[in-house]
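See below for final.cif, which holds mmCIF, C-alpha atoms (C1' of nucleotides).
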data_input
loop_
_atom_site.label_atom_id
_atom_site.label_comp_id
_atom_site.auth_asym_id
_atom_site.auth_seq_id
_atom_site.Cartn_x
_atom_site.Cartn_y
_atom_site.Cartn_z
CA MET A 30 -54.21 19.30 -7.70
CA THR A 31 -55.95 19.74 -4.37
CA TYR A 32 -52.69 19.14 -2.53
CA ALA A 33 -51.30 22.39 -3.95
CA ASN A 34 -53.48 24.48 -1.66
CA ALA A 35 -52.51 22.37 1.33
CA ILE A 36 -48.79 22.77 0.68
CA ALA A 37 -49.14 26.51 0.13
CA ALA A 38 -51.13 26.79 3.35
CA LEU A 39 -48.53 24.92 5.40
CA ALA A 40 -45.66 26.95 3.98
CA ASP A 41 -46.35 29.77 6.44
CA PRO A 42 -44.77 29.32 9.90
CA THR A 43 -47.68 31.02 11.69
CA ARG A 44 -50.13 28.65 10.03
CA ARG A 45 -48.03 25.67 11.09
CA ALA A 46 -48.10 27.04 14.64
CA ILE A 47 -51.89 27.23 14.44
CA VAL A 48 -51.98 23.64 13.24
CA GLU A 49 -49.78 22.61 16.17
CA ALA A 50 -52.19 24.33 18.54
CA LEU A 51 -55.16 22.50 17.00
CA ARG A 52 -53.16 19.29 17.14
CA ALA A 53 -53.31 19.42 20.94
CA ALA A 54 -57.04 20.13 21.06
CA PRO A 55 -59.87 21.80 19.12
CA GLN A 56 -59.99 25.47 20.09
CA PRO A 57 -61.81 28.72 19.38
CA VAL A 58 -60.01 31.52 17.52
CA GLY A 59 -59.33 33.69 20.54
CA ARG A 60 -57.60 30.97 22.49
CA ILE A 61 -55.30 30.20 19.58
CA ALA A 62 -54.50 33.87 19.10
CA CYS A 63 -53.49 34.50 22.71
CA THR A 64 -50.79 31.84 22.47
CA LEU A 65 -49.28 33.36 19.31
CA PRO A 66 -47.38 36.61 18.73
CA VAL A 67 -49.92 37.86 16.16
CA SER A 68 -53.32 39.53 16.41
CA ARG A 69 -56.63 37.70 16.42
CA PRO A 70 -57.66 38.89 12.92
CA ALA A 71 -54.41 37.49 11.59
CA VAL A 72 -55.28 34.10 13.08
CA SER A 73 -58.75 34.36 11.58
CA GLN A 74 -57.30 34.98 8.13
CA HIS A 75 -54.90 32.08 8.49
CA LEU A 76 -57.71 29.78 9.58
CA ARG A 77 -59.62 30.78 6.47
CA VAL A 78 -56.71 29.67 4.29
CA LEU A 79 -56.33 26.43 6.24
CA ALA A 80 -60.04 25.73 5.91
CA GLU A 81 -60.01 26.36 2.15
CA ALA A 82 -57.16 23.85 1.91
CA GLY A 83 -59.30 21.28 3.76
CA LEU A 84 -56.83 21.06 6.63
CA VAL A 85 -59.22 22.34 9.33
CA THR A 86 -62.97 22.68 9.86
CA ALA A 87 -65.00 25.12 11.89
CA GLU A 88 -68.08 24.47 13.96
CA ALA A 89 -70.11 27.30 15.45
CA GLU A 90 -70.85 26.95 19.15
CA GLY A 91 -72.75 29.99 20.28
CA THR A 92 -70.69 33.02 19.37
CA ARG A 93 -67.53 30.92 19.35
CA ARG A 94 -66.22 29.01 16.36
CA ILE A 95 -64.37 25.83 17.31
CA TYR A 96 -61.68 24.83 14.83
CA ARG A 97 -60.24 21.33 14.60
CA LEU A 98 -58.02 19.32 12.26
CA ALA A 99 -59.79 17.84 9.22
CA PRO A 100 -58.55 14.63 7.59
CA GLN A 101 -59.40 15.52 3.98
CA GLY A 102 -56.64 17.99 3.18
CA TRP A 103 -54.07 15.85 4.96
CA ALA A 104 -55.15 12.82 2.98
CA ALA A 105 -54.50 14.61 -0.31
CA LEU A 106 -51.04 15.54 0.91
CA ARG A 107 -50.31 11.96 1.91
CA GLU A 108 -51.24 10.61 -1.49
CA TYR A 109 -49.00 13.14 -3.22
CA LEU A 110 -46.09 12.38 -0.92
CA ASP A 111 -46.46 8.62 -1.12
CA ALA A 112 -46.27 8.67 -4.91
CA MET A 113 -43.31 11.03 -4.80
CA TRP A 114 -41.57 8.90 -2.20
CA ASP A 115 -41.63 5.87 -4.47
CA ASP A 116 -40.09 7.80 -7.34
CA ALA A 117 -37.44 9.37 -5.10
CA LEU A 118 -36.42 5.96 -3.79
CA ALA A 119 -36.32 4.56 -7.31
CA ALA A 120 -34.13 7.42 -8.49
CA TYR A 121 -31.82 6.90 -5.54
CA ALA A 122 -31.59 3.14 -6.11
CA ARG A 123 -30.89 3.61 -9.81
CA ALA A 124 -28.15 6.15 -9.05
CA ALA A 125 -26.53 3.81 -6.55
CA HIS A 126 -26.71 0.97 -9.05
CA GLU A 127 -25.12 3.00 -11.85
CA GLN A 128 -22.39 4.13 -9.51
CA ALA A 129 -21.66 0.54 -8.56
CA GLN A 130 -21.49 -0.36 -12.26
CA ASN A 131 -18.92 2.37 -12.90
CA GLU A 132 -16.87 1.34 -9.88
CA THR A 133 -16.52 -2.26 -11.03
CA ARG A 134 -15.71 -1.14 -14.57
CA ARG A 135 -13.05 1.21 -13.31
CA SER A 136 -11.30 -1.32 -11.03
CA PRO A 137 -12.16 -4.90 -12.01
CA MET Z 29 -37.81 21.08 11.97
CA THR Z 30 -36.16 20.00 8.75
CA TYR Z 31 -39.53 19.48 7.13
CA ALA Z 32 -40.16 23.22 7.26
CA ASN Z 33 -37.68 23.91 4.47
CA ALA Z 34 -39.17 21.12 2.37
CA ILE Z 35 -42.71 22.49 2.69
CA ALA Z 36 -41.56 26.02 1.93
CA ALA Z 37 -39.70 24.76 -1.11
CA LEU Z 38 -42.69 22.86 -2.48
CA ALA Z 39 -45.02 25.80 -1.97
CA ASP Z 40 -43.87 27.39 -5.22
CA PRO Z 41 -45.63 26.09 -8.38
CA THR Z 42 -42.53 26.42 -10.52
CA ARG Z 43 -40.54 24.33 -8.07
CA ARG Z 44 -43.26 21.68 -8.09
CA ALA Z 45 -43.05 21.67 -11.90
CA ILE Z 46 -39.30 21.13 -11.64
CA VAL Z 47 -39.92 18.25 -9.25
CA GLU Z 48 -42.39 16.75 -11.71
CA ALA Z 49 -39.77 16.99 -14.45
CA LEU Z 50 -37.20 15.25 -12.26
CA ARG Z 51 -39.81 12.69 -11.35
CA ALA Z 52 -39.81 11.45 -14.94
CA ALA Z 53 -36.02 11.28 -15.18
CA PRO Z 54 -32.83 12.90 -13.85
CA GLN Z 55 -32.00 15.89 -16.04
CA PRO Z 56 -29.50 18.73 -16.45
CA VAL Z 57 -30.61 22.29 -15.75
CA GLY Z 58 -30.94 23.37 -19.36
CA ARG Z 59 -33.30 20.57 -20.29
CA ILE Z 60 -35.57 21.37 -17.36
CA ALA Z 61 -35.57 25.06 -18.22
CA CYS Z 62 -36.57 24.58 -21.86
CA THR Z 63 -39.75 22.78 -20.81
CA LEU Z 64 -40.79 25.58 -18.44
CA PRO Z 65 -41.95 29.16 -19.09
CA VAL Z 66 -39.08 30.66 -17.04
CA SER Z 67 -35.44 31.39 -17.74
CA ARG Z 68 -32.56 29.05 -16.98
CA PRO Z 69 -31.18 31.12 -14.09
CA ALA Z 70 -34.59 30.98 -12.45
CA VAL Z 71 -34.51 27.18 -12.64
CA SER Z 72 -31.00 27.23 -11.21
CA GLN Z 73 -32.14 29.30 -8.24
CA HIS Z 74 -35.11 27.01 -7.66
CA LEU Z 75 -32.89 23.95 -7.77
CA ARG Z 76 -30.69 25.54 -5.14
CA VAL Z 77 -33.67 25.90 -2.81
CA LEU Z 78 -34.80 22.34 -3.51
CA ALA Z 79 -31.29 21.04 -2.83
CA GLU Z 80 -31.05 22.94 0.47
CA ALA Z 81 -34.33 21.32 1.46
CA GLY Z 82 -32.86 17.90 0.71
CA LEU Z 83 -35.43 17.20 -2.00
CA VAL Z 84 -32.94 16.93 -4.90
CA THR Z 85 -29.23 16.28 -5.38
CA ALA Z 86 -26.83 17.37 -8.08
CA GLU Z 87 -24.05 15.42 -9.71
CA ALA Z 88 -21.53 17.05 -12.05
CA GLU Z 89 -21.10 15.30 -15.38
CA GLY Z 90 -18.67 17.29 -17.46
CA THR Z 91 -20.00 20.83 -17.68
CA ARG Z 92 -23.52 19.56 -17.02
CA ARG Z 93 -25.03 19.12 -13.58
CA ILE Z 94 -27.52 16.28 -13.43
CA TYR Z 95 -30.25 16.77 -10.84
CA ARG Z 96 -32.38 13.95 -9.43
CA LEU Z 97 -34.85 13.40 -6.61
CA ALA Z 98 -33.30 12.74 -3.19
CA PRO Z 99 -35.12 10.63 -0.56
CA GLN Z 100 -33.97 12.53 2.55
CA GLY Z 101 -36.11 15.63 2.32
CA TRP Z 102 -39.14 13.60 1.33
CA ALA Z 103 -38.63 11.28 4.26
CA ALA Z 104 -38.77 14.20 6.69
CA LEU Z 105 -42.03 15.33 5.11
CA ARG Z 106 -43.50 11.87 5.37
CA GLU Z 107 -42.75 11.62 9.08
CA TYR Z 108 -44.36 14.99 9.74
CA LEU Z 109 -47.44 14.11 7.73
CA ASP Z 110 -47.86 10.66 9.24
CA ALA Z 111 -47.89 12.06 12.77
CA MET Z 112 -50.32 14.79 11.74
CA TRP Z 113 -52.55 12.29 9.97
CA ASP Z 114 -53.03 10.29 13.17
CA ASP Z 115 -54.04 13.38 15.12
CA ALA Z 116 -56.38 14.57 12.37
CA LEU Z 117 -58.13 11.20 12.29
CA ALA Z 118 -58.39 11.16 16.08
CA ALA Z 119 -59.92 14.65 16.09
CA TYR Z 120 -62.38 13.62 13.42
CA ALA Z 121 -63.36 10.44 15.25
CA ARG Z 122 -63.84 12.29 18.52
CA ALA Z 123 -66.00 14.92 16.81
CA ALA Z 124 -68.17 12.25 15.22
CA HIS Z 125 -68.50 10.50 18.56
CA GLU Z 126 -69.57 13.65 20.41
CA GLN Z 127 -72.06 14.45 17.68
CA ALA Z 128 -73.57 11.00 18.00
CA GLN Z 129 -73.82 11.52 21.77
CA ASN Z 130 -75.73 14.77 21.30
CA GLU Z 131 -78.04 13.22 18.70
CA THR Z 132 -79.11 10.42 21.02
CA ARG Z 133 -79.59 12.86 23.88
CA ARG Z 134 -81.71 15.15 21.74
CA SER Z 135 -84.00 12.42 20.36
CA PRO Z 136 -83.97 9.39 22.65
"C1'" DC I 17 -83.37 46.56 25.27
"C1'" DA I 18 -78.58 47.90 25.93
"C1'" DT I 19 -74.12 45.98 26.61
"C1'" DT I 20 -70.49 42.93 26.06
"C1'" DC I 21 -68.08 39.11 24.04
"C1'" DG I 22 -66.29 36.54 20.14
"C1'" DC I 23 -65.61 36.58 15.49
"C1'" DG I 24 -65.08 37.74 10.35
"C1'" DT I 25 -64.10 41.34 6.87
"C1'" DA I 26 -62.08 45.71 4.70
"C1'" DA I 27 -58.41 48.68 3.73
"C1'" DG I 28 -53.80 49.91 3.89
"C1'" DT I 29 -48.67 49.12 4.81
"C1'" DC I 30 -44.49 46.72 4.30
"C1'" DA I 31 -41.34 42.88 3.68
"C1'" DT I 32 -40.33 38.58 1.28
"C1'" DG I 33 -39.22 36.24 -2.76
"C1'" DA I 34 -39.75 35.05 -7.80
"C1'" DC I 35 -38.12 36.65 -12.04
"C1'" DT I 36 -35.23 39.11 -15.32
"C1'" DT I 37 -30.66 40.60 -17.63
"C1'" DA I 38 -25.71 40.68 -17.20
"C1'" DC I 39 -21.56 38.58 -15.89
"C1'" DG I 40 -17.72 35.15 -14.64
"C1'" DG I 41 -15.99 30.49 -14.58
"C1'" DT I 42 -15.16 25.60 -15.97
"C1'" DA I 43 -15.20 21.62 -19.21
"C1'" DA I 44 -15.57 20.02 -24.19
"C1'" DG I 45 -14.69 20.68 -29.54
"C1'" DC I 46 -12.29 22.59 -33.75
"C1'" DG P 5 -5.06 28.14 -27.39
"C1'" DC P 6 -9.77 29.93 -28.75
"C1'" DT P 7 -14.25 29.44 -29.22
"C1'" DT P 8 -18.45 27.35 -27.76
"C1'" DA P 9 -21.69 25.01 -24.48
"C1'" DC P 10 -23.51 24.78 -19.80
"C1'" DC P 11 -23.98 26.51 -15.55
"C1'" DG P 12 -24.03 29.41 -11.03
"C1'" DT P 13 -24.10 34.12 -9.06
"C1'" DA P 14 -25.09 39.28 -8.65
"C1'" DA P 15 -28.03 43.10 -8.91
"C1'" DG P 16 -32.28 45.10 -9.64
"C1'" DT P 17 -37.51 45.12 -10.39
"C1'" DC P 18 -42.11 43.98 -9.25
"C1'" DA P 19 -45.95 41.34 -7.44
"C1'" DT P 20 -47.73 38.46 -3.71
"C1'" DG P 21 -49.14 37.97 0.86
"C1'" DA P 22 -48.71 38.54 6.00
"C1'" DC P 23 -49.80 41.81 9.36
"C1'" DT P 24 -52.00 45.80 11.46
"C1'" DT P 25 -56.08 48.90 12.87
"C1'" DA P 26 -60.92 49.91 12.22
"C1'" DC P 27 -65.43 48.30 11.56
"C1'" DG P 28 -69.89 45.53 11.46
"C1'" DC P 29 -72.61 41.46 12.79
"C1'" DG P 30 -74.79 37.78 15.66
"C1'" DA P 31 -75.22 35.64 20.20
"C1'" DA P 32 -75.17 35.64 25.18
"C1'" DT P 33 -75.82 38.41 29.58
"C1'" DG P 34 -77.53 41.93 32.73
#

Spell out the structure here as structure tokens.
Amino acid sequence: MTYANAIAALADPTRRAIVEALRAAPQPVGRIACTLPVSRPAVSQHLRVLAEAGLVTAEAEGTRRIYRLAPQGWAALREYLDAMWDDALAAYARAAHEQAQNETRRSP
Amino acid sequence: MTYANAIAALADPTRRAIVEALRAAPQPVGRIACTLPVSRPAVSQHLRVLAEAGLVTAEAEGTRRIYRLAPQGWAALREYLDAMWDDALAAYARAAHEQAQNETRRSP
DNA sequence: CATTCGCGTAAGTCATGACTTACGGTAAGC
DNA sequence: GCTTACCGTAAGTCATGACTTACGCGAATG
């Protein structure tokens, strides 16, 4: 169930923007905040949520805290999605198959 | 940006429960609702959100509407996650590399 | 040692959305 | 044709959470 936190974290557009910023390069909080239309405390709170979901990690460097993407949370998401993807494809294939069955029965 | 709707849709626990129900088998709305602690209209509203995100599709069968998993929305999520996964791994590898550099410099 | 920078936390406000009950509308059964 | 299932929509309520300002703490700088 660890993927639940990750999904909930990524549901917020501001948090996805923060992730996009970290995707380019690891950055301290202030630098991320100045590129976004929200205050620095807001970014700090979002980073806390992202960190609890295992999507980012922090590393103190003097007074700065450098945040970067962390693989763990993303791995949990990938596993969830991969399993779901198989089932979705199976459902789709079965639906297409049943439809083909009905078509041939209707006009043989 | 189509993955944004999918993530927002899956952020809700009730919607994930609905997805889990559909994962087992395609079902009409009423059957899904009776297995969940919410009312049938609530399930209907959730299914609407899931359908708009491309995660499920409906098919009328008499007065019933059979819902099933749809691959499209999940595919968009997979693409987003795969790209992010690469960057997260790269960030992790670079961090480990830099740390190793500092270790050797500190205790040669 | 005082100041400044960078950050996290607390408290309070406000909007979003998840849920309910009530209603209307369409396909099956007697 | 009339009732009975099954469903989607409307309107209203209430809680969650995203944001702000204000504050306190540790580290670097003079």

Please identify every residue of chain Z that has at least one atom no farther than 9 Å from an atom of chain P, counting only C-alpha atoms (C1' of nucleotides), and for each give the shortest atom pair and the distance in Å to one decimal, arranged by chain then increasing number, as a Markdown table.
| residue | atom | partner | partner_atom | distance |
| --- | --- | --- | --- | --- |
| Z:Val57 | CA | P:DC11 | C1' | 7.9 |
| Z:Gly58 | CA | P:DC10 | C1' | 7.6 |
| Z:Pro69 | CA | P:DG12 | C1' | 8.0 |
| Z:Ser72 | CA | P:DG12 | C1' | 7.3 |
| Z:Gln73 | CA | P:DG12 | C1' | 8.6 |
| Z:Thr91 | CA | P:DC10 | C1' | 5.7 |
| Z:Arg92 | CA | P:DC10 | C1' | 5.9 |
| Z:Arg93 | CA | P:DC11 | C1' | 7.7 |

Result set, the PyMOL selection byres ((chain Z) within 10 of (chain A)) on current file, as a count of residues only: 45

Between C1' of DT20 in chain I and CA of Ile47 in chain A, distance in Å (one decimal):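 Between C1' of DT20 in chain I and CA of Ile47 in chain A the gap works out to 27.0 Å.
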
Result set of the PyMOL selection byres ((chain I) within 10 of (chain Z)) on the coordinates above, as a VMD selection string: chain I and resid 34 to 36 42 to 44

Point-to-point distance in Å for C1' of DC30 in chain I and CA of Arg60 in chain A: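 Here the two named atoms are 27.4 Å from each other.
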
Hey, could you pull the box centre and edge lengths for range 13-26 of chain P, axis-aligned, 3 Å padding per side, all listed atoms, to one decimal in Å, as AutoDock Vina command-line options?
--center_x -42.5 --center_y 42.0 --center_z 1.2 --size_x 42.8 --size_y 21.8 --size_z 29.3

Separation of CA of Ala46 in chain A from CA of Glu107 in chain Z in Å: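 Calculated distance between CA of Glu107 in chain Z and CA of Ala46 in chain A is 17.2 Å.
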
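Closest approach to Ala86 in chain Z from the set Z:Thr30, Z:Gln55, Z:Pro65, Z:Arg122 is made by Z:Gln55, with distances taken over all atoms listed in the file.
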
Please complete range 63-91 of chain Z with N, CA and C atoms and give it back as a short mmCIF file (atom, residue, chain, number, x, y, z; two decimals), in the frame of the given file.
data_model
loop_
_atom_site.label_atom_id
_atom_site.label_comp_id
_atom_site.auth_asym_id
_atom_site.auth_seq_id
_atom_site.Cartn_x
_atom_site.Cartn_y
_atom_site.Cartn_z
N THR Z 63 -38.37 23.28 -20.86
CA THR Z 63 -39.75 22.78 -20.81
C THR Z 63 -40.62 23.68 -19.95
N LEU Z 64 -40.03 24.71 -19.34
CA LEU Z 64 -40.79 25.58 -18.44
C LEU Z 64 -40.83 27.01 -18.99
N PRO Z 65 -41.80 27.79 -18.58
CA PRO Z 65 -41.95 29.16 -19.09
C PRO Z 65 -41.07 30.16 -18.36
N VAL Z 66 -39.98 29.73 -17.74
CA VAL Z 66 -39.08 30.66 -17.04
C VAL Z 66 -37.67 30.48 -17.58
N SER Z 67 -36.81 31.42 -17.22
CA SER Z 67 -35.44 31.39 -17.74
C SER Z 67 -34.61 30.34 -17.02
N ARG Z 68 -33.44 30.05 -17.57
CA ARG Z 68 -32.56 29.05 -16.98
C ARG Z 68 -32.03 29.47 -15.61
N PRO Z 69 -31.59 30.72 -15.44
CA PRO Z 69 -31.18 31.12 -14.09
C PRO Z 69 -32.27 30.94 -13.04
N ALA Z 70 -33.49 31.19 -13.41
CA ALA Z 70 -34.59 30.98 -12.45
C ALA Z 70 -34.64 29.52 -12.01
N VAL Z 71 -34.51 28.61 -12.98
CA VAL Z 71 -34.51 27.18 -12.64
C VAL Z 71 -33.33 26.86 -11.74
N SER Z 72 -32.19 27.48 -12.02
CA SER Z 72 -31.00 27.23 -11.21
C SER Z 72 -31.24 27.66 -9.76
N GLN Z 73 -31.85 28.82 -9.59
CA GLN Z 73 -32.14 29.30 -8.24
C GLN Z 73 -33.14 28.38 -7.54
N HIS Z 74 -34.13 27.92 -8.27
CA HIS Z 74 -35.11 27.01 -7.66
C HIS Z 74 -34.45 25.70 -7.25
N LEU Z 75 -33.57 25.20 -8.10
CA LEU Z 75 -32.89 23.95 -7.77
C LEU Z 75 -32.03 24.10 -6.52
N ARG Z 76 -31.47 25.30 -6.35
CA ARG Z 76 -30.69 25.54 -5.14
C ARG Z 76 -31.56 25.39 -3.90
N VAL Z 77 -32.74 25.99 -3.95
CA VAL Z 77 -33.67 25.90 -2.81
C VAL Z 77 -34.08 24.45 -2.57
N LEU Z 78 -34.39 23.74 -3.65
CA LEU Z 78 -34.80 22.34 -3.51
C LEU Z 78 -33.66 21.50 -2.93
N ALA Z 79 -32.43 21.80 -3.34
CA ALA Z 79 -31.29 21.04 -2.83
C ALA Z 79 -31.08 21.32 -1.35
N GLU Z 80 -31.22 22.60 -0.95
CA GLU Z 80 -31.05 22.94 0.47
C GLU Z 80 -32.12 22.27 1.33
N ALA Z 81 -33.27 22.00 0.74
CA ALA Z 81 -34.33 21.32 1.46
C ALA Z 81 -34.15 19.80 1.45
N GLY Z 82 -33.11 19.33 0.76
CA GLY Z 82 -32.86 17.90 0.71
C GLY Z 82 -33.80 17.15 -0.20
N LEU Z 83 -34.46 17.85 -1.11
CA LEU Z 83 -35.43 17.20 -2.00
C LEU Z 83 -34.78 16.73 -3.30
N VAL Z 84 -33.66 17.33 -3.68
CA VAL Z 84 -32.94 16.93 -4.90
C VAL Z 84 -31.45 16.92 -4.60
N THR Z 85 -30.70 16.25 -5.46
CA THR Z 85 -29.23 16.28 -5.38
C THR Z 85 -28.67 16.50 -6.76
N ALA Z 86 -27.49 17.11 -6.81
CA ALA Z 86 -26.83 17.37 -8.08
C ALA Z 86 -25.60 16.50 -8.20
N GLU Z 87 -25.26 16.19 -9.45
CA GLU Z 87 -24.05 15.42 -9.71
C GLU Z 87 -23.44 15.96 -10.99
N ALA Z 88 -22.20 16.47 -10.88
CA ALA Z 88 -21.53 17.05 -12.05
C ALA Z 88 -21.18 15.95 -13.04
N GLU Z 89 -21.45 16.25 -14.31
CA GLU Z 89 -21.10 15.30 -15.38
C GLU Z 89 -20.57 16.14 -16.53
N GLY Z 90 -19.26 16.34 -16.53
CA GLY Z 90 -18.67 17.29 -17.46
C GLY Z 90 -19.09 18.69 -17.06
N THR Z 91 -19.52 19.48 -18.01
CA THR Z 91 -20.00 20.83 -17.68
C THR Z 91 -21.45 20.79 -17.22
#
